[in-house]
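Source file: query-v1.txt. Holds: compact mmCIF, C-alpha atoms and all ligand atoms.
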# COMPACT_ATOMS: atom_id res chain seq x y z
CA MET A 1 -30.01 20.73 9.30
CA ASP A 2 -32.33 20.76 6.32
CA ALA A 3 -31.64 19.00 3.04
CA SER A 4 -30.78 22.11 1.04
CA GLY A 5 -28.64 25.20 1.61
CA ASN A 6 -27.99 24.71 5.32
CA ASP A 7 -26.70 21.19 4.72
CA SER A 8 -24.38 22.29 2.01
CA ARG A 9 -23.07 25.25 4.06
CA TYR A 10 -22.45 22.89 6.98
CA ALA A 11 -20.73 20.42 4.62
CA GLY A 12 -18.57 23.27 3.35
CA ARG A 13 -17.48 24.15 6.90
CA LEU A 14 -16.66 20.51 7.67
CA ARG A 15 -14.72 20.22 4.40
CA ALA A 16 -12.71 23.35 5.21
CA ALA A 17 -11.95 21.98 8.69
CA LEU A 18 -10.80 18.61 7.28
CA THR A 19 -8.59 20.34 4.71
CA ASP A 20 -7.08 22.60 7.40
CA LEU A 21 -6.35 19.50 9.48
CA LEU A 22 -4.67 17.67 6.59
CA VAL A 23 -2.49 20.71 5.88
CA ALA A 24 -1.62 21.09 9.58
CA GLN A 25 -0.73 17.38 9.85
CA GLY A 26 1.53 17.58 6.82
CA ALA A 27 -0.62 15.28 4.69
CA ILE A 28 -1.06 18.05 2.10
CA HIS A 29 1.94 20.14 0.98
CA ASP A 30 0.90 21.21 -2.52
CA GLN A 31 -1.41 24.24 -2.73
CA ARG A 32 -3.13 22.89 -5.84
CA VAL A 33 -3.97 19.66 -4.00
CA GLU A 34 -5.21 21.75 -1.08
CA ALA A 35 -7.47 23.71 -3.47
CA ALA A 36 -8.88 20.43 -4.85
CA PHE A 37 -9.68 19.25 -1.30
CA ARG A 38 -11.47 22.54 -0.63
CA ALA A 39 -13.47 22.18 -3.85
CA VAL A 40 -14.68 18.54 -4.04
CA PRO A 41 -17.80 17.75 -1.96
CA ARG A 42 -16.82 14.34 -0.54
CA HIS A 43 -20.24 13.86 1.08
CA LEU A 44 -21.87 13.48 -2.36
CA PHE A 45 -19.74 10.34 -2.96
CA VAL A 46 -20.71 8.74 0.38
CA PRO A 47 -24.37 9.78 0.67
CA GLN A 48 -25.21 6.94 3.07
CA VAL A 49 -23.11 8.34 5.94
CA PRO A 50 -23.66 11.48 8.05
CA LEU A 51 -21.80 14.62 6.97
CA GLU A 52 -19.52 14.42 10.02
CA ILE A 53 -18.33 10.97 8.91
CA ALA A 54 -17.93 12.07 5.28
CA TYR A 55 -15.50 14.74 6.48
CA THR A 56 -13.50 12.58 8.89
CA ASP A 57 -10.03 11.52 7.77
CA ASP A 58 -11.05 7.91 7.38
CA VAL A 59 -11.88 5.39 4.70
CA VAL A 60 -15.63 4.85 4.07
CA LEU A 61 -16.35 1.19 3.41
CA MET A 62 -18.82 0.82 0.54
CA LYS A 63 -19.06 -2.91 -0.25
CA ARG A 64 -18.10 -6.32 1.11
CA ASN A 65 -18.10 -9.64 -0.76
CA GLN A 66 -20.09 -12.67 0.41
CA ALA A 67 -17.23 -13.72 2.70
CA GLY A 68 -17.38 -10.31 4.42
CA VAL A 69 -14.13 -9.05 2.91
CA ALA A 70 -14.05 -5.33 2.00
CA ILE A 71 -13.93 -4.96 -1.79
CA SER A 72 -14.80 -1.31 -2.36
CA SER A 73 -14.38 1.89 -0.39
CA VAL A 74 -13.99 5.61 -0.76
CA SER A 75 -10.37 6.14 0.19
CA GLN A 76 -9.04 7.89 3.28
CA PRO A 77 -8.36 11.60 2.56
CA THR A 78 -4.75 11.31 3.81
CA VAL A 79 -4.08 8.52 1.31
CA VAL A 80 -5.87 10.43 -1.48
CA ALA A 81 -3.62 13.44 -0.76
CA LEU A 82 -0.50 11.28 -0.71
CA MET A 83 -1.24 9.72 -4.09
CA LEU A 84 -2.33 12.99 -5.72
CA GLU A 85 0.96 14.57 -4.66
CA GLN A 86 2.93 11.54 -5.85
CA ALA A 87 1.17 11.79 -9.22
CA ASP A 88 2.33 15.41 -9.74
CA LEU A 89 -0.64 16.19 -11.99
CA GLN A 90 -0.47 19.16 -14.31
CA PRO A 91 -3.18 21.09 -16.20
CA GLY A 92 -3.92 19.36 -19.50
CA HIS A 93 -2.84 15.87 -18.37
CA ARG A 94 -4.78 12.82 -19.52
CA VAL A 95 -5.32 10.47 -16.57
CA LEU A 96 -6.55 6.92 -16.10
CA GLU A 97 -7.78 5.97 -12.64
CA ILE A 98 -8.12 2.23 -11.95
CA GLY A 99 -10.60 1.59 -9.12
CA SER A 100 -13.47 4.09 -8.95
CA GLY A 101 -15.61 5.73 -6.35
CA GLY A 102 -15.89 9.15 -7.95
CA TYR A 103 -14.24 11.17 -5.19
CA ASN A 104 -10.65 10.75 -6.33
CA ALA A 105 -11.67 11.10 -9.99
CA ALA A 106 -13.21 14.49 -9.15
CA MET A 107 -9.93 15.46 -7.43
CA LEU A 108 -8.00 14.37 -10.51
CA HIS A 109 -10.29 16.49 -12.68
CA GLU A 110 -9.72 19.53 -10.45
CA LEU A 111 -5.97 19.10 -10.93
CA VAL A 112 -5.86 18.50 -14.69
CA GLY A 113 -8.48 21.20 -15.37
CA PRO A 114 -10.74 21.68 -18.39
CA THR A 115 -7.93 21.02 -20.89
CA GLY A 116 -7.16 17.64 -19.31
CA HIS A 117 -9.18 14.44 -19.29
CA VAL A 118 -9.97 11.85 -16.60
CA THR A 119 -11.12 8.30 -17.25
CA THR A 120 -11.99 6.18 -14.23
CA ILE A 121 -12.66 2.44 -14.50
CA ASP A 122 -13.98 -0.16 -12.08
CA ILE A 123 -14.49 -3.89 -12.47
CA ASP A 124 -17.78 -3.69 -10.59
CA GLN A 125 -20.85 -2.24 -12.37
CA ASP A 126 -22.38 -1.13 -9.02
CA VAL A 127 -19.28 0.91 -8.28
CA ALA A 128 -19.13 2.42 -11.76
CA ASP A 129 -22.82 3.42 -11.44
CA ARG A 130 -22.24 4.89 -7.98
CA ALA A 131 -19.22 6.84 -9.21
CA ARG A 132 -21.24 8.21 -12.15
CA ARG A 133 -24.07 9.34 -9.84
CA GLY A 134 -21.64 11.04 -7.45
CA LEU A 135 -19.71 12.77 -10.23
CA ASP A 136 -22.93 14.07 -11.83
CA ALA A 137 -24.28 15.27 -8.47
CA ALA A 138 -20.97 17.02 -7.71
CA GLY A 139 -20.77 18.71 -11.11
CA TYR A 140 -18.16 16.61 -12.93
CA PRO A 141 -20.10 15.25 -15.94
CA GLU A 142 -16.98 15.36 -18.15
CA VAL A 143 -15.20 12.61 -16.15
CA GLN A 144 -15.52 9.37 -18.13
CA VAL A 145 -16.61 6.30 -16.09
CA LEU A 146 -16.42 2.77 -17.50
CA ARG A 147 -16.89 -0.75 -16.17
CA THR A 148 -13.91 -2.82 -17.20
CA ASP A 149 -11.05 -4.86 -15.71
CA GLY A 150 -8.13 -2.56 -14.92
CA GLU A 151 -5.66 -5.30 -15.92
CA PHE A 152 -6.20 -4.17 -19.51
CA GLY A 153 -6.18 -0.45 -18.81
CA CYS A 154 -8.50 1.50 -21.09
CA PRO A 155 -7.08 1.68 -24.63
CA GLU A 156 -9.99 3.84 -25.90
CA SER A 157 -8.71 6.97 -24.16
CA ALA A 158 -4.95 6.20 -24.17
CA PRO A 159 -2.24 7.45 -24.11
CA TYR A 160 -2.21 8.73 -20.54
CA ASP A 161 0.21 11.08 -18.85
CA ARG A 162 -0.71 9.48 -15.55
CA VAL A 163 -2.13 6.11 -14.47
CA VAL A 164 -3.34 6.19 -10.87
CA VAL A 165 -4.22 2.79 -9.42
CA THR A 166 -6.37 2.84 -6.28
CA VAL A 167 -6.52 -0.87 -5.54
CA THR A 168 -3.67 -3.08 -4.26
CA ALA A 169 -1.69 -4.64 -7.09
CA TRP A 170 0.94 -7.32 -6.86
CA ASP A 171 2.16 -6.67 -10.38
CA VAL A 172 2.36 -3.89 -12.94
CA ALA A 173 0.08 -4.92 -15.80
CA PRO A 174 1.74 -4.55 -19.22
CA ALA A 175 -1.21 -2.44 -20.46
CA TRP A 176 -0.47 0.27 -17.87
CA MET A 177 2.99 0.74 -19.38
CA THR A 178 1.96 0.50 -23.03
CA GLN A 179 -0.88 3.00 -22.52
CA LEU A 180 1.44 5.48 -20.79
CA ALA A 181 2.73 8.45 -22.83
CA PRO A 182 6.52 8.96 -23.00
CA GLY A 183 7.69 10.46 -19.71
CA GLY A 184 4.45 9.36 -18.03
CA ARG A 185 4.02 8.27 -14.41
CA ILE A 186 2.17 5.40 -12.73
CA VAL A 187 1.17 5.65 -9.07
CA VAL A 188 0.23 2.28 -7.67
CA PRO A 189 -0.20 0.63 -4.25
CA LEU A 190 2.18 -2.25 -4.93
CA ARG A 191 2.42 -5.26 -2.63
CA LEU A 192 5.97 -6.51 -2.18
CA ARG A 193 6.42 -9.55 0.06
CA SER A 194 3.09 -8.82 1.81
CA GLN A 195 3.85 -5.14 2.41
CA THR A 196 1.98 -2.49 0.44
CA ARG A 197 3.44 0.84 -0.57
CA SER A 198 2.05 3.56 -2.79
CA ILE A 199 4.85 3.97 -5.33
CA ALA A 200 5.24 6.63 -8.03
CA PHE A 201 7.07 5.15 -11.04
CA ASP A 202 8.35 7.14 -14.02
CA LEU A 203 8.49 5.54 -17.44
CA LEU A 204 12.07 5.52 -18.69
CA ASP A 205 13.46 3.59 -21.64
CA GLY A 206 11.12 0.57 -21.60
CA PHE A 207 11.15 0.22 -17.81
CA LEU A 208 9.78 1.95 -14.72
CA GLU A 209 11.81 3.53 -11.94
CA SER A 210 10.44 4.62 -8.56
CA ARG A 211 10.47 8.27 -7.51
CA SER A 212 8.73 8.06 -4.13
CA MET A 213 7.02 5.51 -1.89
CA ALA A 214 4.92 5.46 1.27
CA VAL A 215 3.18 2.75 3.26
CA CYS A 216 -0.56 2.47 2.60
CA GLY A 217 -3.41 -0.04 2.57
CA PHE A 218 -6.08 -0.71 -0.07
CA VAL A 219 -8.63 -3.37 -0.98
CA CYS A 220 -7.26 -6.14 -3.21
CA MET A 221 -7.34 -6.30 -6.99
CA GLN A 222 -10.03 -8.52 -8.48
CA GLY A 223 -10.27 -9.94 -12.00
CA VAL A 224 -7.42 -11.18 -14.19
CA GLY A 225 -4.79 -9.36 -12.14
CA ALA A 226 -5.98 -10.79 -8.79
CA SER A 227 -3.16 -12.35 -6.78
CA TYR A 228 -3.02 -14.41 -3.63
CA GLU A 229 -1.00 -14.62 -0.45
CA ARG A 230 -0.30 -17.95 1.27
CA TYR A 231 -1.65 -17.85 4.79
CA VAL A 232 -0.10 -20.37 7.22
CA PRO A 233 -1.96 -20.76 10.55
CA LEU A 234 0.16 -21.66 13.61
CA GLN A 235 -0.86 -22.66 17.15
CA GLY A 236 -4.50 -23.22 16.20
CA ASP A 237 -4.74 -19.93 14.27
CA LEU A 238 -3.59 -17.70 17.16
CA VAL A 239 -0.57 -16.81 15.07
CA SER A 240 -0.21 -16.77 11.29
CA LEU A 241 2.45 -16.33 8.65
CA THR A 242 1.91 -14.75 5.26
CA PHE A 243 4.00 -15.53 2.19
CA ASP A 244 3.47 -13.65 -1.06
CA GLU A 245 2.55 -15.11 -4.43
CA ASP A 246 6.14 -15.23 -5.75
CA GLN A 247 7.34 -17.17 -2.67
CA VAL A 248 6.28 -20.61 -3.81
CA ASP A 249 9.51 -22.26 -2.63
CA GLU A 250 9.43 -20.95 0.93
CA GLN A 251 8.90 -23.68 3.53
CA GLU A 252 6.34 -23.56 6.31
CA PRO A 253 7.51 -24.30 9.87
CA PRO A 254 5.63 -26.91 11.98
CA GLU A 255 2.23 -25.75 13.24
CA ARG A 256 3.42 -25.84 16.90
CA VAL A 257 6.90 -24.40 16.32
CA LEU A 258 6.26 -21.74 18.99
CA ASP A 259 6.05 -24.47 21.66
CA GLN A 260 9.74 -25.10 21.19
CA PRO A 261 12.20 -23.18 23.41
CA ARG A 262 12.66 -19.51 22.56
CA GLU A 263 16.04 -17.98 21.74
CA SER A 264 16.30 -14.18 21.76
CA ALA A 265 18.90 -11.75 20.50
CA TRP A 266 18.99 -7.97 20.96
CA SER A 267 20.41 -5.44 18.53
CA GLY A 268 21.09 -2.40 20.72
CA VAL A 269 19.19 -0.43 18.03
CA LEU A 270 16.68 1.95 19.62
CA MET A 271 13.56 3.24 17.92
CA ASN A 272 11.20 5.98 18.90
CA ARG A 273 7.78 4.40 19.43
CA GLU A 274 6.38 6.76 16.78
CA GLU A 275 9.02 5.88 14.14
CA ALA A 276 7.77 3.82 11.20
CA LEU A 277 9.53 0.51 10.62
CA SER A 278 8.58 0.42 6.96
CA ASP A 279 12.06 0.82 5.48
CA LEU A 280 13.46 -1.77 7.86
CA ASP A 281 10.74 -4.25 6.88
CA LEU A 282 11.53 -3.76 3.19
CA TRP A 283 15.25 -4.14 3.90
CA LEU A 284 14.61 -7.45 5.69
CA ALA A 285 12.22 -8.59 2.94
CA SER A 286 14.86 -7.90 0.33
CA THR A 287 17.76 -9.55 2.14
CA LEU A 288 16.48 -12.54 4.13
CA PRO A 289 15.68 -15.95 2.63
CA GLY A 290 12.42 -17.41 3.99
CA TYR A 291 11.01 -13.91 4.63
CA CYS A 292 7.36 -13.78 5.70
CA VAL A 293 5.10 -11.62 7.87
CA LEU A 294 3.97 -12.86 11.29
CA SER A 295 0.64 -11.70 12.73
CA ALA A 296 -0.62 -12.60 16.18
CA GLU A 297 -3.94 -12.44 17.99
CA ARG A 298 -3.96 -10.62 21.31
CA ARG A 299 -4.57 -14.02 22.97
CA ALA A 300 -1.25 -15.32 21.60
CA LEU A 301 0.48 -12.49 23.41
CA LYS A 302 -1.49 -13.14 26.63
CA LYS A 303 -0.59 -16.84 26.50
CA GLY A 304 3.08 -15.93 26.09
CA LEU A 305 3.36 -17.62 22.68
CA VAL A 306 4.83 -14.45 21.18
CA THR A 307 6.23 -11.19 22.53
CA PRO A 308 4.86 -7.87 21.20
CA VAL A 309 4.71 -7.51 17.43
CA PRO A 310 3.34 -4.55 15.45
CA ARG A 311 -0.39 -4.46 14.71
CA TRP A 312 0.30 -4.76 10.96
CA GLY A 313 2.58 -7.80 11.47
CA ALA A 314 6.25 -8.43 12.14
CA SER A 315 9.01 -9.29 9.72
CA ALA A 316 9.86 -12.98 10.14
CA ILE A 317 11.89 -15.79 8.60
CA ALA A 318 10.76 -19.40 8.36
CA SER A 319 12.27 -22.69 7.30
CA GLY A 320 11.22 -26.35 7.45
CA ASN A 321 11.57 -26.51 11.23
CA SER A 322 12.36 -23.02 12.54
CA LEU A 323 10.82 -19.59 12.82
CA GLY A 324 12.28 -16.22 13.84
CA TYR A 325 10.58 -12.83 14.08
CA LEU A 326 11.34 -9.24 14.91
CA THR A 327 10.22 -7.94 18.29
CA ALA A 328 10.96 -5.07 20.65
CA ARG A 329 11.45 -4.47 24.38
CA PRO A 330 11.18 -1.25 26.38
CA ALA A 331 14.33 0.86 26.51
CA ALA A 332 15.46 2.98 29.49
CA ASP A 333 13.83 6.04 27.88
CA PRO A 334 10.07 5.31 27.88
CA ASP A 335 9.69 6.87 24.40
CA PHE A 336 12.01 4.25 22.90
CA VAL A 337 12.14 0.50 22.34
CA GLU A 338 15.09 -1.75 21.52
CA LEU A 339 14.73 -3.98 18.47
CA GLY A 340 15.47 -7.65 18.78
CA ALA A 341 14.41 -11.06 17.56
CA ASN A 342 12.91 -14.25 18.95
CA ALA A 343 13.29 -17.63 17.31
CA HIS A 344 12.18 -21.24 17.83
CA GLY A 345 13.25 -24.57 16.32
CA SER A 346 16.60 -26.19 15.57
CA ALA A 347 17.98 -23.04 13.84
CA ALA A 348 16.64 -20.70 16.56
CA GLN A 349 19.97 -19.22 17.61
CA ASP A 350 21.09 -18.60 14.01
CA PHE A 351 17.73 -17.10 13.03
CA ALA A 352 17.63 -14.69 15.96
CA GLN A 353 21.21 -13.60 15.27
CA LEU A 354 20.61 -13.24 11.53
CA LEU A 355 17.62 -10.97 12.14
CA VAL A 356 19.45 -8.68 14.58
CA ASP A 357 22.52 -8.55 12.31
CA GLN A 358 20.32 -7.29 9.49
CA VAL A 359 18.66 -4.77 11.84
CA SER A 360 22.14 -3.47 12.77
CA GLN A 361 23.21 -3.24 9.14
CA TRP A 362 20.08 -1.31 8.23
CA ASP A 363 20.64 1.00 11.21
CA LYS A 364 24.26 1.72 10.18
CA SER A 365 23.81 1.97 6.43
CA PHE A 366 20.26 2.96 5.49
CA ARG A 367 18.27 4.30 8.43
CA GLY A 368 17.04 7.83 7.76
CA GLY A 369 18.31 7.61 4.16
CA PRO A 370 16.33 8.04 0.97
CA GLY A 371 15.15 4.41 1.03
CA PRO A 372 15.35 1.89 -1.78
CA THR A 373 14.77 2.46 -5.49
CA LEU A 374 12.60 0.04 -7.42
CA GLN A 375 12.84 -0.75 -11.08
CA ILE A 376 10.23 -2.73 -12.99
CA HIS A 377 11.36 -4.43 -16.19
CA PRO A 378 9.10 -6.57 -18.37
CA ALA A 379 9.45 -10.34 -17.80
CA VAL A 380 11.10 -10.72 -21.24
CA PHE A 381 13.98 -8.34 -20.39
CA PRO A 382 17.31 -10.27 -20.28
CA PRO A 383 17.88 -10.96 -16.55
CA GLU A 384 21.67 -10.59 -16.88
CA GLN A 385 21.12 -6.94 -17.89
CA LEU A 386 19.06 -6.08 -14.80
CA PRO A 387 20.63 -3.54 -12.41
CA PRO A 388 22.25 -4.94 -9.25
CA GLY A 389 19.97 -5.42 -6.25
CA PHE A 390 17.40 -7.84 -4.91
CA HIS A 391 15.32 -9.34 -7.70
CA LEU A 392 11.88 -10.89 -7.58
CA ASN A 393 9.64 -12.08 -10.38
CA THR A 394 5.95 -11.40 -10.73
CA ARG A 395 3.72 -12.65 -13.56
CA HIS A 396 4.62 -9.91 -16.02
CA SER A 397 7.61 -8.20 -14.48
CA GLN A 398 11.03 -8.42 -12.93
CA VAL A 399 11.28 -6.19 -9.86
CA THR A 400 14.67 -4.91 -8.70
CA ILE A 401 15.01 -3.36 -5.24
CA SER A 402 18.28 -1.52 -4.80
CA TRP A 403 19.53 0.23 -1.69
CA PRO A 404 21.71 3.30 -2.20
C1 LIG A 501 -10.44 1.62 -2.77
S1 LIG A 501 -11.64 1.47 -4.01
C2 LIG A 501 -11.32 2.88 -5.03
C3 LIG A 501 -11.47 4.19 -4.32
C4 LIG A 501 -11.73 5.35 -5.25
N1 LIG A 501 -10.66 5.60 -6.17
C5 LIG A 501 -12.11 6.61 -4.54
O1 LIG A 501 -12.35 7.59 -5.25
O2 LIG A 501 -12.19 6.67 -3.29
C6 LIG A 501 -11.01 0.17 -5.02
C7 LIG A 501 -11.89 -0.19 -6.19
O3 LIG A 501 -11.13 -1.00 -7.07
C8 LIG A 501 -12.05 -1.82 -7.76
N2 LIG A 501 -11.32 -2.90 -8.43
C9 LIG A 501 -10.86 -4.06 -7.92
N3 LIG A 501 -10.26 -4.79 -8.86
C10 LIG A 501 -10.34 -4.07 -10.02
C11 LIG A 501 -9.90 -4.30 -11.35
N4 LIG A 501 -9.27 -5.42 -11.71
N5 LIG A 501 -10.18 -3.35 -12.26
C12 LIG A 501 -10.85 -2.21 -11.94
N6 LIG A 501 -11.29 -1.96 -10.69
C13 LIG A 501 -11.02 -2.87 -9.74
C14 LIG A 501 -13.03 -2.25 -6.69
O4 LIG A 501 -14.27 -2.67 -7.26
C15 LIG A 501 -13.12 -1.01 -5.83
O5 LIG A 501 -14.28 -0.26 -6.14
Same coordinates, now as structure tokens:
Amino acid sequence: MDASGNDSRYAGRLRAALTDLLVAQGAIHDQRVEAAFRAVPRHLFVPQVPLEIAYTDDVVLMKRNQAGVAISSVSQPTVVALMLEQADLQPGHRVLEIGSGGYNAAMLHELVGPTGHVTTIDIDQDVADRARRGLDAAGYPEVQVLRTDGEFGCPESAPYDRVVVTVTAWDVAPAWMTQLAPGGRIVVPLRLRSQTRSIAFDLLDGFLESRSMAVCGFVCMQGVGASYERYVPLQGDLVSLTFDEDQVDEQEPPERVLDQPRESAWSGVLMNREEALSDLDLWLASTLPGYCVLSAERRALKKGLVTPVPRWGASAIASGNSLGYLTARPAADPDFVELGANAHGSAAQDFAQLLVDQVSQWDKSFRGGPGPTLQIHPAVFPPEQLPPGFHLNTRHSQVTISWP
């Protein structure tokens, strides 16, 4: 391929093929989103990778920090499509994107059209410069790019009909709500008890209410809104537990708790190997005291310290001397597994039983349902007036998770 017309024709064919694939896989449902995917030349936002990579349905990593942790990327097309559809953008909308790269901002511009306006902000000057270059090269000079901390939104161009956050947040910053126009929507990858979901929230009377949610993964927020998770290594780091920032009171089990005898309990609940456990994990997170997420190295499995747990971590409960976690064993039908729990420590039997009881309750009452609704009220809202449900407090907000 040469650097001019042939390259761009080839890129166009690859872009059409990627868009066809996303439609066929059900990642894109909305024809306007499909048209935006056909229009925006993704390769101009990731010029360092070959065209074939630019048009693969994968994230392109753009920057790591000194510790080697990914801090900036151009998002995976499937996730871009998900969030664009959640945002329900209309011609004429004013949009703020928090976390730049240029690609998604160009998509946003395609959807709001010439009567709308897109502002994209990034905390990192390198990223803002890169986004500007990409947007200019791709023919989107009217998209505004600024370097600023997303915690404070961007008051200069407010109010916004939509705020689209493309970096994992643990909280909803007050500025996002105050800069939102009446009836506006925020789409944000929100971390709840170490699980991240892209959630579309509508602004109601001084609070936000969720309209849709889907599991996703993003790099972490930096700056004033940065949060932390407590990482607890077990068995010499072969296994670890993660507690979220609000879980300051949760106790860590002893480092060698997995050496203690294992108790198991089985729920009789079968799952197709392809079925996502995301709703179940959120149900457990919102009902079990001591909730945390257990991750294990392959060597921990080989040594028999743990039985199989999902790649992204298993729902677990911990206390001062005990630990229980969700696991699965093959069912008679090879496409299915049975959910169960293992536990160690003095409360092992109770923990294993508690976990499988909650699995059974979820199976009977919520499996296959619409999933939970989230409400976000400001921290100053009177707690006694919050709706019923599971409540957790972040720095600026009170989060209510209610199950229908
Ligand atoms: C996944 S990337 C954004 C992807 C991008 N929207 C695209 O078009 O593909 C996340 C970005 O968020 C930025 N970021 C992290 N913390 C931020 C903050 N507090 N304010 C603004 N940007 C932030 C990072 O520098 C990073 O470039």
Shell around A:Ala106 at 10 Å using all atoms listed in the file, local window under 6 positions removed, as a ChimeraX atom specification: /A:36-37,39-42,45,118,120,131,134-135,138-143
Could you save the residues just selected, with C-alpha atoms, as a tab-separated table (two decimals), keeping the file's coordinate frame?
chain	number	residue	atom	x	y	z
A	36	ALA	CA	-8.88	20.43	-4.85
A	37	PHE	CA	-9.68	19.25	-1.30
A	39	ALA	CA	-13.47	22.18	-3.85
A	40	VAL	CA	-14.68	18.54	-4.04
A	41	PRO	CA	-17.80	17.75	-1.96
A	42	ARG	CA	-16.82	14.34	-0.54
A	45	PHE	CA	-19.74	10.34	-2.96
A	118	VAL	CA	-9.97	11.85	-16.60
A	120	THR	CA	-11.99	6.18	-14.23
A	131	ALA	CA	-19.22	6.84	-9.21
A	134	GLY	CA	-21.64	11.04	-7.45
A	135	LEU	CA	-19.71	12.77	-10.23
A	138	ALA	CA	-20.97	17.02	-7.71
A	139	GLY	CA	-20.77	18.71	-11.11
A	140	TYR	CA	-18.16	16.61	-12.93
A	141	PRO	CA	-20.10	15.25	-15.94
A	142	GLU	CA	-16.98	15.36	-18.15
A	143	VAL	CA	-15.20	12.61	-16.15
Once you count all atoms listed in the file, which residues end up within 7 Å of ligand LIG 501 (chain A), and could you hand them over as a PDB file with C-alpha atoms, keeping the file's coordinate frame?
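Resulting contents of result_19.pdb:
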ATOM      1  CA  ILE A  71     -13.930  -4.960  -1.790  1.00  0.00           C
ATOM      2  CA  SER A  72     -14.800  -1.310  -2.360  1.00  0.00           C
ATOM      3  CA  SER A  73     -14.380   1.890  -0.390  1.00  0.00           C
ATOM      4  CA  VAL A  74     -13.990   5.610  -0.760  1.00  0.00           C
ATOM      5  CA  SER A  75     -10.370   6.140   0.190  1.00  0.00           C
ATOM      6  CA  ILE A  98      -8.120   2.230 -11.950  1.00  0.00           C
ATOM      7  CA  GLY A  99     -10.600   1.590  -9.120  1.00  0.00           C
ATOM      8  CA  SER A 100     -13.470   4.090  -8.950  1.00  0.00           C
ATOM      9  CA  GLY A 101     -15.610   5.730  -6.350  1.00  0.00           C
ATOM     10  CA  GLY A 102     -15.890   9.150  -7.950  1.00  0.00           C
ATOM     11  CA  TYR A 103     -14.240  11.170  -5.190  1.00  0.00           C
ATOM     12  CA  ASN A 104     -10.650  10.750  -6.330  1.00  0.00           C
ATOM     13  CA  ALA A 105     -11.670  11.100  -9.990  1.00  0.00           C
ATOM     14  CA  ILE A 121     -12.660   2.440 -14.500  1.00  0.00           C
ATOM     15  CA  ASP A 122     -13.980  -0.160 -12.080  1.00  0.00           C
ATOM     16  CA  ILE A 123     -14.490  -3.890 -12.470  1.00  0.00           C
ATOM     17  CA  ASP A 124     -17.780  -3.690 -10.590  1.00  0.00           C
ATOM     18  CA  VAL A 127     -19.280   0.910  -8.280  1.00  0.00           C
ATOM     19  CA  THR A 148     -13.910  -2.820 -17.200  1.00  0.00           C
ATOM     20  CA  ASP A 149     -11.050  -4.860 -15.710  1.00  0.00           C
ATOM     21  CA  GLY A 150      -8.130  -2.560 -14.920  1.00  0.00           C
ATOM     22  CA  GLU A 151      -5.660  -5.300 -15.920  1.00  0.00           C
ATOM     23  CA  THR A 166      -6.370   2.840  -6.280  1.00  0.00           C
ATOM     24  CA  VAL A 167      -6.520  -0.870  -5.540  1.00  0.00           C
ATOM     25  CA  PHE A 218      -6.080  -0.710  -0.070  1.00  0.00           C
ATOM     26  CA  VAL A 219      -8.630  -3.370  -0.980  1.00  0.00           C
ATOM     27  CA  CYS A 220      -7.260  -6.140  -3.210  1.00  0.00           C
ATOM     28  CA  MET A 221      -7.340  -6.300  -6.990  1.00  0.00           C
ATOM     29  CA  GLN A 222     -10.030  -8.520  -8.480  1.00  0.00           C
ATOM     30  CA  GLY A 223     -10.270  -9.940 -12.000  1.00  0.00           C
ATOM     31  CA  VAL A 224      -7.420 -11.180 -14.190  1.00  0.00           C
ATOM     32  CA  GLY A 225      -4.790  -9.360 -12.140  1.00  0.00           C
ATOM     33  CA  ALA A 226      -5.980 -10.790  -8.790  1.00  0.00           C
TER      34      ALA A 226
END
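Nearest residue to A:Ser198, choosing from A:Val269, A:Leu305, A:Leu84, A:Val95 and counting all atoms listed in the file: A:Leu84.
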Quick one: distance from atom CA of A:Leu280 to atom CA of A:Ser346 in Å, one decimal? 25.8 Å
Figure out the distance between atom CA of A:Trp362 and atom CA of A:Trp403, please, to one decimal in Å. 10.1 Å
Under the rule that all atoms listed in the file are counted, which of A:Ala285, A:Val188, A:Leu51, A:Met177 is the nearest residue to A:His377?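 Checking each candidate against A:His377, we get A:Met177 as the closest.
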Please define a box with edges along x, y and z of the file around all atoms of stretch 33-37 of chain A given in the file, extend it by 4 Å on each side, and return its centre and edge lengths in Å to one decimal, as lines of an AutoDock Vina configuration file.
center_x = -6.8
center_y = 21.5
center_z = -3.0
size_x = 13.7
size_y = 12.5
size_z = 11.8
Show which residues sit within 10 Å of A:Leu386, as a ChimeraX atom specification. Count only C-alpha atoms, and ignore same-chain residues fewer than 2 positions away. /A:375-377,381-384,388-389,391,398-400
Just checking: using all atoms listed in the file, which residue out of A:Leu354, A:Leu203, A:Leu21, A:Leu61 ends up closest to A:Thr287?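 So, comparing all the options, the nearest one is A:Leu354.
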Excluding A:Gly12 and any residue of its chain fewer than 3 positions from it, enumerate the residues within 9 Å of it, using all atoms listed in the file, and give them as a PyMOL selection string. chain A and resi 7-9+15-17+38-39+41
So that I can see what lies close to A:Ser194, please list as a VMD selection string the residues with an atom at most 9 Å from it, counting only C-alpha atoms and leaving out residues fewer than 4 positions away in the same chain. chain A and resid 229 242 to 245 292 to 293
